[in-house]
Amino acid sequence: MAIITISRLNGSLGEELADQLKSRLQCEIITRSYALENFFGDLPAEVTERLNESAKYFLTTLPDSNETYKDILIKRLKQIASQRENIIIMGLGGCVIFKDDPRAVSIRVYADEKTRIDRLSRRYNIDEEEAESSIA
């Protein structure tokens with residue numbers, strides 16, 4: 001059983017690496033959008049938007065509960081990791097959550113700023129200024 005955590009910089013090919021690993025390991029990639037769709041039930045659109053925009057919002061306590069979104073996220077990630085043979089966690093603080101787990105391998109994918117700007121500019125057909133603002 002392997003838990004692979006991937007943290008990456010925008011434009012550094014972290015998503016492409018995750019897709020290759022997914023293909024080879026025949027497993028699922030747990031992303032922020034996956035977590036929002038599957039871990040928290042039906043969320044109001046404004047809450048989903050805030051959780052999508054800011055990791056800090058995960059520290060917010062759920063209504064009628066003493067748990068934060070972060071507490072639920074950690075609990076569900078650990079539950080999934082215990083039930084599946086292999087799992088890839090993209091972002092979500094996976095490298096911190098599983099730092100002491102002997103099954104976990106953490107990968108940090110990065111590239112220099114110019115390379116990332118060039119990739120994003122080509123991928124999304126945007127000018128370099130717009131690409132640069134998306135990596136800030």
# chains A, B, ... in the order shown; residues from 1 in each chain; ligands from 1
call {"tool": "residues_around", "arguments": {"residues": "A:Arg76", "least_positions_apart": "5", "cutoff": "10 Å", "atoms": "only C-alpha atoms", "output": "number ranges by chain"}}
result
A: 35, 38-40, 70-71, 81-82
call {"tool": "residues_around", "arguments": {"residues": "stretch 113-124 of chain A", "least_positions_apart": "4", "cutoff": "8 Å", "atoms": "only C-alpha atoms", "output": "list in words"}}
result
Asn10, Gly11, Ser12, Glu128, Glu130, Ala131, Glu132 and Ile135 of chain A
call {"tool": "closest_residue", "arguments": {"among": "A:Pro44, A:Arg8, A:Tyr69, A:Ala2", "to": "A:Ile107", "atoms": "only C-alpha atoms"}}
result
A:Arg8
call {"tool": "select_by_dssp", "arguments": {"residues": "chain A", "states": "strand (DSSP E)", "output": "ChimeraX atom specification"}}
result
/A:2-8,29-30,86-90,104-109
call {"tool": "write_last_selection", "arguments": {"atoms": "all heavy atoms", "output": "short mmCIF file (atom, residue, chain, number, x, y, z; two decimals), in the first residue's frame"}}
result
data_model
loop_
_atom_site.label_atom_id
_atom_site.label_comp_id
_atom_site.auth_asym_id
_atom_site.auth_seq_id
_atom_site.Cartn_x
_atom_site.Cartn_y
_atom_site.Cartn_z
N ALA A 2 0.57 2.17 -0.89
CA ALA A 2 1.34 3.41 -0.98
C ALA A 2 0.41 4.61 -0.88
O ALA A 2 -0.68 4.63 -1.44
CB ALA A 2 2.10 3.46 -2.29
N ILE A 3 0.88 5.59 -0.15
CA ILE A 3 0.23 6.89 -0.10
C ILE A 3 1.23 7.86 -0.73
O ILE A 3 2.34 8.01 -0.20
CB ILE A 3 -0.07 7.32 1.35
CG1 ILE A 3 -0.96 6.30 2.04
CG2 ILE A 3 -0.69 8.72 1.37
CD1 ILE A 3 -1.02 6.48 3.54
N ILE A 4 0.86 8.45 -1.84
CA ILE A 4 1.74 9.39 -2.50
C ILE A 4 1.13 10.77 -2.37
O ILE A 4 0.00 10.99 -2.80
CB ILE A 4 1.95 9.02 -3.98
CG1 ILE A 4 2.54 7.62 -4.10
CG2 ILE A 4 2.83 10.06 -4.68
CD1 ILE A 4 2.60 7.09 -5.51
N THR A 5 1.87 11.67 -1.75
CA THR A 5 1.40 13.05 -1.65
C THR A 5 2.21 13.89 -2.63
O THR A 5 3.42 13.71 -2.75
CB THR A 5 1.52 13.62 -0.23
OG1 THR A 5 2.89 13.81 0.10
CG2 THR A 5 0.86 12.69 0.79
N ILE A 6 1.52 14.77 -3.33
CA ILE A 6 2.18 15.63 -4.29
C ILE A 6 1.82 17.07 -3.99
O ILE A 6 0.65 17.43 -3.95
CB ILE A 6 1.77 15.29 -5.74
CG1 ILE A 6 2.15 13.84 -6.07
CG2 ILE A 6 2.41 16.26 -6.73
CD1 ILE A 6 1.69 13.38 -7.45
N SER A 7 2.84 17.87 -3.75
CA SER A 7 2.64 19.32 -3.68
C SER A 7 3.39 19.90 -4.86
O SER A 7 4.39 19.36 -5.30
CB SER A 7 3.13 19.89 -2.35
OG SER A 7 4.48 19.57 -2.14
N ARG A 8 2.84 20.97 -5.41
CA ARG A 8 3.44 21.49 -6.63
C ARG A 8 3.18 22.97 -6.78
O ARG A 8 2.28 23.53 -6.17
CB ARG A 8 2.92 20.75 -7.86
CG ARG A 8 1.52 21.18 -8.32
CD ARG A 8 0.48 20.49 -7.55
NE ARG A 8 -0.88 20.80 -8.00
CZ ARG A 8 -1.86 20.98 -7.15
NH1 ARG A 8 -1.64 20.93 -5.85
NH2 ARG A 8 -3.08 21.19 -7.58
N ILE A 29 -6.85 9.94 -7.69
CA ILE A 29 -6.17 11.14 -7.22
C ILE A 29 -7.19 11.93 -6.39
O ILE A 29 -8.26 12.27 -6.87
CB ILE A 29 -5.69 12.02 -8.39
CG1 ILE A 29 -4.71 11.26 -9.28
CG2 ILE A 29 -5.04 13.30 -7.85
CD1 ILE A 29 -4.31 12.01 -10.54
N ILE A 30 -6.82 12.21 -5.16
CA ILE A 30 -7.68 13.00 -4.30
C ILE A 30 -7.21 14.45 -4.41
O ILE A 30 -6.09 14.78 -4.03
CB ILE A 30 -7.61 12.54 -2.82
CG1 ILE A 30 -7.89 11.04 -2.70
CG2 ILE A 30 -8.55 13.38 -1.97
CD1 ILE A 30 -9.26 10.61 -3.13
N ASN A 86 -3.56 1.85 -3.02
CA ASN A 86 -2.74 3.00 -3.39
C ASN A 86 -3.62 4.23 -3.48
O ASN A 86 -4.78 4.14 -3.86
CB ASN A 86 -2.05 2.79 -4.74
CG ASN A 86 -1.07 1.64 -4.72
OD1 ASN A 86 -0.20 1.59 -3.87
ND2 ASN A 86 -1.24 0.70 -5.63
N ILE A 87 -3.05 5.36 -3.16
CA ILE A 87 -3.78 6.62 -3.23
C ILE A 87 -2.80 7.75 -3.52
O ILE A 87 -1.66 7.72 -3.05
CB ILE A 87 -4.56 6.89 -1.93
CG1 ILE A 87 -5.44 8.12 -2.07
CG2 ILE A 87 -3.65 7.00 -0.75
CD1 ILE A 87 -6.38 8.32 -0.91
N ILE A 88 -3.25 8.70 -4.32
CA ILE A 88 -2.45 9.89 -4.61
C ILE A 88 -3.22 11.08 -4.05
O ILE A 88 -4.41 11.25 -4.36
CB ILE A 88 -2.22 10.07 -6.12
CG1 ILE A 88 -1.46 8.86 -6.68
CG2 ILE A 88 -1.48 11.38 -6.41
CD1 ILE A 88 -1.45 8.81 -8.20
N ILE A 89 -2.56 11.89 -3.26
CA ILE A 89 -3.19 13.08 -2.69
C ILE A 89 -2.49 14.29 -3.27
O ILE A 89 -1.29 14.48 -3.06
CB ILE A 89 -3.12 13.08 -1.16
CG1 ILE A 89 -3.83 11.84 -0.62
CG2 ILE A 89 -3.73 14.36 -0.59
CD1 ILE A 89 -3.58 11.56 0.84
N MET A 90 -3.24 15.08 -4.01
CA MET A 90 -2.70 16.27 -4.67
C MET A 90 -2.98 17.48 -3.79
O MET A 90 -4.13 17.89 -3.62
CB MET A 90 -3.36 16.44 -6.03
CG MET A 90 -2.92 17.65 -6.79
SD MET A 90 -1.28 17.51 -7.48
CE MET A 90 -1.61 16.41 -8.83
N ALA A 104 3.82 6.44 3.33
CA ALA A 104 3.73 7.67 2.54
C ALA A 104 5.05 8.07 1.90
O ALA A 104 6.11 7.99 2.52
CB ALA A 104 3.21 8.81 3.41
N VAL A 105 4.92 8.53 0.67
CA VAL A 105 6.03 9.13 -0.06
C VAL A 105 5.54 10.51 -0.48
O VAL A 105 4.48 10.64 -1.08
CB VAL A 105 6.40 8.32 -1.32
CG1 VAL A 105 7.44 9.03 -2.15
CG2 VAL A 105 6.84 6.92 -0.95
N SER A 106 6.30 11.53 -0.13
CA SER A 106 5.91 12.90 -0.47
C SER A 106 6.80 13.44 -1.58
O SER A 106 8.02 13.31 -1.52
CB SER A 106 6.01 13.80 0.76
OG SER A 106 5.04 13.40 1.71
N ILE A 107 6.16 14.03 -2.57
CA ILE A 107 6.87 14.58 -3.72
C ILE A 107 6.54 16.06 -3.83
O ILE A 107 5.38 16.46 -3.74
CB ILE A 107 6.42 13.87 -5.02
CG1 ILE A 107 6.69 12.37 -4.93
CG2 ILE A 107 7.08 14.50 -6.24
CD1 ILE A 107 6.05 11.58 -6.05
N ARG A 108 7.56 16.87 -4.01
CA ARG A 108 7.39 18.31 -4.25
C ARG A 108 7.85 18.58 -5.67
O ARG A 108 9.00 18.33 -6.03
CB ARG A 108 8.23 19.11 -3.24
CG ARG A 108 8.29 20.58 -3.51
CD ARG A 108 7.02 21.26 -3.08
NE ARG A 108 7.20 22.71 -3.19
CZ ARG A 108 6.21 23.54 -3.41
NH1 ARG A 108 4.98 23.09 -3.50
NH2 ARG A 108 6.43 24.81 -3.51
N VAL A 109 6.94 19.08 -6.51
CA VAL A 109 7.26 19.35 -7.91
C VAL A 109 7.38 20.86 -8.09
O VAL A 109 6.48 21.60 -7.70
CB VAL A 109 6.16 18.80 -8.85
CG1 VAL A 109 6.54 19.02 -10.30
CG2 VAL A 109 5.90 17.32 -8.58
#
call {"tool": "atom_distance", "arguments": {"atom1": "atom CA of A:Ser134", "atom2": "atom CA of A:Glu53"}}
result
12.9 Å
call {"tool": "atom_distance", "arguments": {"atom1": "atom CA of A:Leu92", "atom2": "atom CA of A:Arg32"}}
result
6.5 Å
call {"tool": "residues_around", "arguments": {"residues": "A:Glu85", "least_positions_apart": "5", "cutoff": "10 Å", "atoms": "only C-alpha atoms", "output": "PyMOL selection string"}}
result
chain A and resi 1-3+25-27+80
call {"tool": "write_last_selection", "arguments": {"atoms": "N, CA and C atoms", "output": "mmCIF file, in the first residue's frame"}}
result
data_model
loop_
_atom_site.group_PDB
_atom_site.id
_atom_site.type_symbol
_atom_site.label_atom_id
_atom_site.label_comp_id
_atom_site.auth_asym_id
_atom_site.auth_seq_id
_atom_site.Cartn_x
_atom_site.Cartn_y
_atom_site.Cartn_z
ATOM 1 N N MET A 1 0.842 -1.179 0.000
ATOM 2 C CA MET A 1 0.000 0.000 0.000
ATOM 3 C C MET A 1 0.882 1.234 0.000
ATOM 4 N N ALA A 2 0.566 2.174 -0.885
ATOM 5 C CA ALA A 2 1.335 3.408 -0.977
ATOM 6 C C ALA A 2 0.410 4.614 -0.877
ATOM 7 N N ILE A 3 0.875 5.594 -0.154
ATOM 8 C CA ILE A 3 0.227 6.895 -0.104
ATOM 9 C C ILE A 3 1.231 7.859 -0.726
ATOM 10 N N LEU A 25 -0.437 3.094 -11.294
ATOM 11 C CA LEU A 25 -0.883 2.454 -10.050
ATOM 12 C C LEU A 25 -2.359 2.073 -10.067
ATOM 13 N N GLN A 26 -3.083 2.534 -11.080
ATOM 14 C CA GLN A 26 -4.517 2.269 -11.174
ATOM 15 C C GLN A 26 -5.234 2.688 -9.888
ATOM 16 N N CYS A 27 -5.033 3.946 -9.521
ATOM 17 C CA CYS A 27 -5.638 4.451 -8.295
ATOM 18 C C CYS A 27 -6.235 5.830 -8.541
ATOM 19 N N ILE A 80 -9.702 6.991 3.852
ATOM 20 C CA ILE A 80 -9.509 6.509 2.478
ATOM 21 C C ILE A 80 -8.162 5.800 2.352
#
call {"tool": "decode", "arguments": {"residues": "stretch 33-129 of chain A", "atoms": "C-alpha atoms", "output": "JSON list (two decimals), in the first residue's frame"}}
result
[["chain", "number", "residue", "atom", "x", "y", "z"],
["A", 33, "SER", "CA", -12.40, 19.42, -5.86],
["A", 34, "TYR", "CA", -12.74, 15.70, -5.06],
["A", 35, "ALA", "CA", -12.67, 16.49, -1.34],
["A", 36, "LEU", "CA", -15.27, 19.23, -1.67],
["A", 37, "GLU", "CA", -17.59, 16.96, -3.63],
["A", 38, "ASN", "CA", -17.20, 13.88, -1.43],
["A", 39, "PHE", "CA", -16.16, 14.79, 2.11],
["A", 40, "PHE", "CA", -18.51, 17.53, 3.29],
["A", 41, "GLY", "CA", -21.96, 16.74, 1.93],
["A", 42, "ASP", "CA", -23.97, 19.47, 0.27],
["A", 43, "LEU", "CA", -22.26, 22.77, 0.91],
["A", 44, "PRO", "CA", -23.70, 26.17, 0.13],
["A", 45, "ALA", "CA", -22.12, 27.67, -3.00],
["A", 46, "GLU", "CA", -20.46, 30.47, -0.98],
["A", 47, "VAL", "CA", -18.75, 27.95, 1.34],
["A", 48, "THR", "CA", -17.55, 25.85, -1.59],
["A", 49, "GLU", "CA", -16.17, 28.99, -3.23],
["A", 50, "ARG", "CA", -14.30, 30.00, -0.08],
["A", 51, "LEU", "CA", -12.86, 26.52, 0.41],
["A", 52, "ASN", "CA", -11.74, 26.56, -3.23],
["A", 53, "GLU", "CA", -10.09, 29.95, -2.89],
["A", 54, "SER", "CA", -8.32, 29.69, 0.45],
["A", 55, "ALA", "CA", -6.78, 26.91, 2.47],
["A", 56, "LYS", "CA", -7.27, 29.12, 5.55],
["A", 57, "TYR", "CA", -11.03, 28.67, 5.27],
["A", 58, "PHE", "CA", -10.57, 24.99, 6.17],
["A", 59, "LEU", "CA", -9.93, 26.24, 9.73],
["A", 60, "THR", "CA", -13.55, 27.42, 9.94],
["A", 61, "THR", "CA", -15.84, 25.49, 12.27],
["A", 62, "LEU", "CA", -18.82, 23.86, 10.62],
["A", 63, "PRO", "CA", -22.25, 25.12, 11.65],
["A", 64, "ASP", "CA", -23.76, 23.08, 14.52],
["A", 65, "SER", "CA", -20.44, 21.30, 15.13],
["A", 66, "ASN", "CA", -17.17, 21.68, 16.97],
["A", 67, "GLU", "CA", -15.23, 20.28, 14.00],
["A", 68, "THR", "CA", -13.46, 22.34, 11.37],
["A", 69, "TYR", "CA", -13.37, 21.55, 7.67],
["A", 70, "LYS", "CA", -9.71, 20.66, 8.27],
["A", 71, "ASP", "CA", -10.67, 18.09, 10.94],
["A", 72, "ILE", "CA", -13.08, 16.40, 8.55],
["A", 73, "LEU", "CA", -10.58, 16.55, 5.69],
["A", 74, "ILE", "CA", -7.88, 14.84, 7.76],
["A", 75, "LYS", "CA", -10.28, 12.20, 9.07],
["A", 76, "ARG", "CA", -11.56, 11.36, 5.59],
["A", 77, "LEU", "CA", -8.09, 11.28, 3.99],
["A", 78, "LYS", "CA", -6.84, 8.88, 6.66],
["A", 79, "GLN", "CA", -9.96, 6.75, 6.26],
["A", 80, "ILE", "CA", -9.51, 6.51, 2.48],
["A", 81, "ALA", "CA", -5.78, 5.77, 2.87],
["A", 82, "SER", "CA", -6.58, 2.89, 5.22],
["A", 83, "GLN", "CA", -9.10, 1.37, 2.80],
["A", 84, "ARG", "CA", -7.26, 1.55, -0.51],
["A", 85, "GLU", "CA", -4.15, -0.14, -1.79],
["A", 86, "ASN", "CA", -2.74, 3.00, -3.39],
["A", 87, "ILE", "CA", -3.78, 6.62, -3.23],
["A", 88, "ILE", "CA", -2.45, 9.89, -4.61],
["A", 89, "ILE", "CA", -3.19, 13.08, -2.69],
["A", 90, "MET", "CA", -2.70, 16.27, -4.67],
["A", 91, "GLY", "CA", -2.09, 19.18, -2.33],
["A", 92, "LEU", "CA", -4.47, 19.39, 0.65],
["A", 93, "GLY", "CA", -1.55, 19.34, 3.06],
["A", 94, "GLY", "CA", -1.12, 15.64, 2.42],
["A", 95, "CYS", "CA", 2.63, 15.80, 3.03],
["A", 96, "VAL", "CA", 1.95, 17.18, 6.53],
["A", 97, "ILE", "CA", -0.99, 14.89, 7.32],
["A", 98, "PHE", "CA", 0.97, 11.75, 6.40],
["A", 99, "LYS", "CA", 4.48, 12.90, 7.38],
["A", 100, "ASP", "CA", 4.88, 10.14, 9.99],
["A", 101, "ASP", "CA", 3.13, 7.41, 8.02],
["A", 102, "PRO", "CA", 5.66, 4.79, 6.82],
["A", 103, "ARG", "CA", 3.48, 4.07, 3.75],
["A", 104, "ALA", "CA", 3.73, 7.67, 2.54],
["A", 105, "VAL", "CA", 6.03, 9.13, -0.06],
["A", 106, "SER", "CA", 5.91, 12.90, -0.47],
["A", 107, "ILE", "CA", 6.87, 14.58, -3.72],
["A", 108, "ARG", "CA", 7.39, 18.31, -4.25],
["A", 109, "VAL", "CA", 7.26, 19.35, -7.91],
["A", 110, "TYR", "CA", 8.70, 22.70, -8.84],
["A", 111, "ALA", "CA", 10.13, 24.59, -11.77],
["A", 112, "ASP", "CA", 11.70, 28.01, -12.12],
["A", 113, "GLU", "CA", 9.40, 30.97, -12.62],
["A", 114, "LYS", "CA", 10.20, 31.55, -16.31],
["A", 115, "THR", "CA", 9.49, 27.92, -17.19],
["A", 116, "ARG", "CA", 6.18, 27.97, -15.36],
["A", 117, "ILE", "CA", 5.11, 31.24, -17.01],
["A", 118, "ASP", "CA", 5.98, 29.85, -20.45],
["A", 119, "ARG", "CA", 4.05, 26.61, -19.81],
["A", 120, "LEU", "CA", 0.94, 28.38, -18.54],
["A", 121, "SER", "CA", 1.06, 30.90, -21.36],
["A", 122, "ARG", "CA", 1.16, 28.14, -23.98],
["A", 123, "ARG", "CA", -1.30, 25.82, -22.24],
["A", 124, "TYR", "CA", -4.04, 28.40, -21.73],
["A", 125, "ASN", "CA", -3.17, 30.64, -24.68],
["A", 126, "ILE", "CA", -2.71, 33.69, -22.44],
["A", 127, "ASP", "CA", -0.07, 36.40, -22.47],
["A", 128, "GLU", "CA", 2.95, 36.17, -20.19],
["A", 129, "GLU", "CA", 1.66, 38.90, -17.87]]
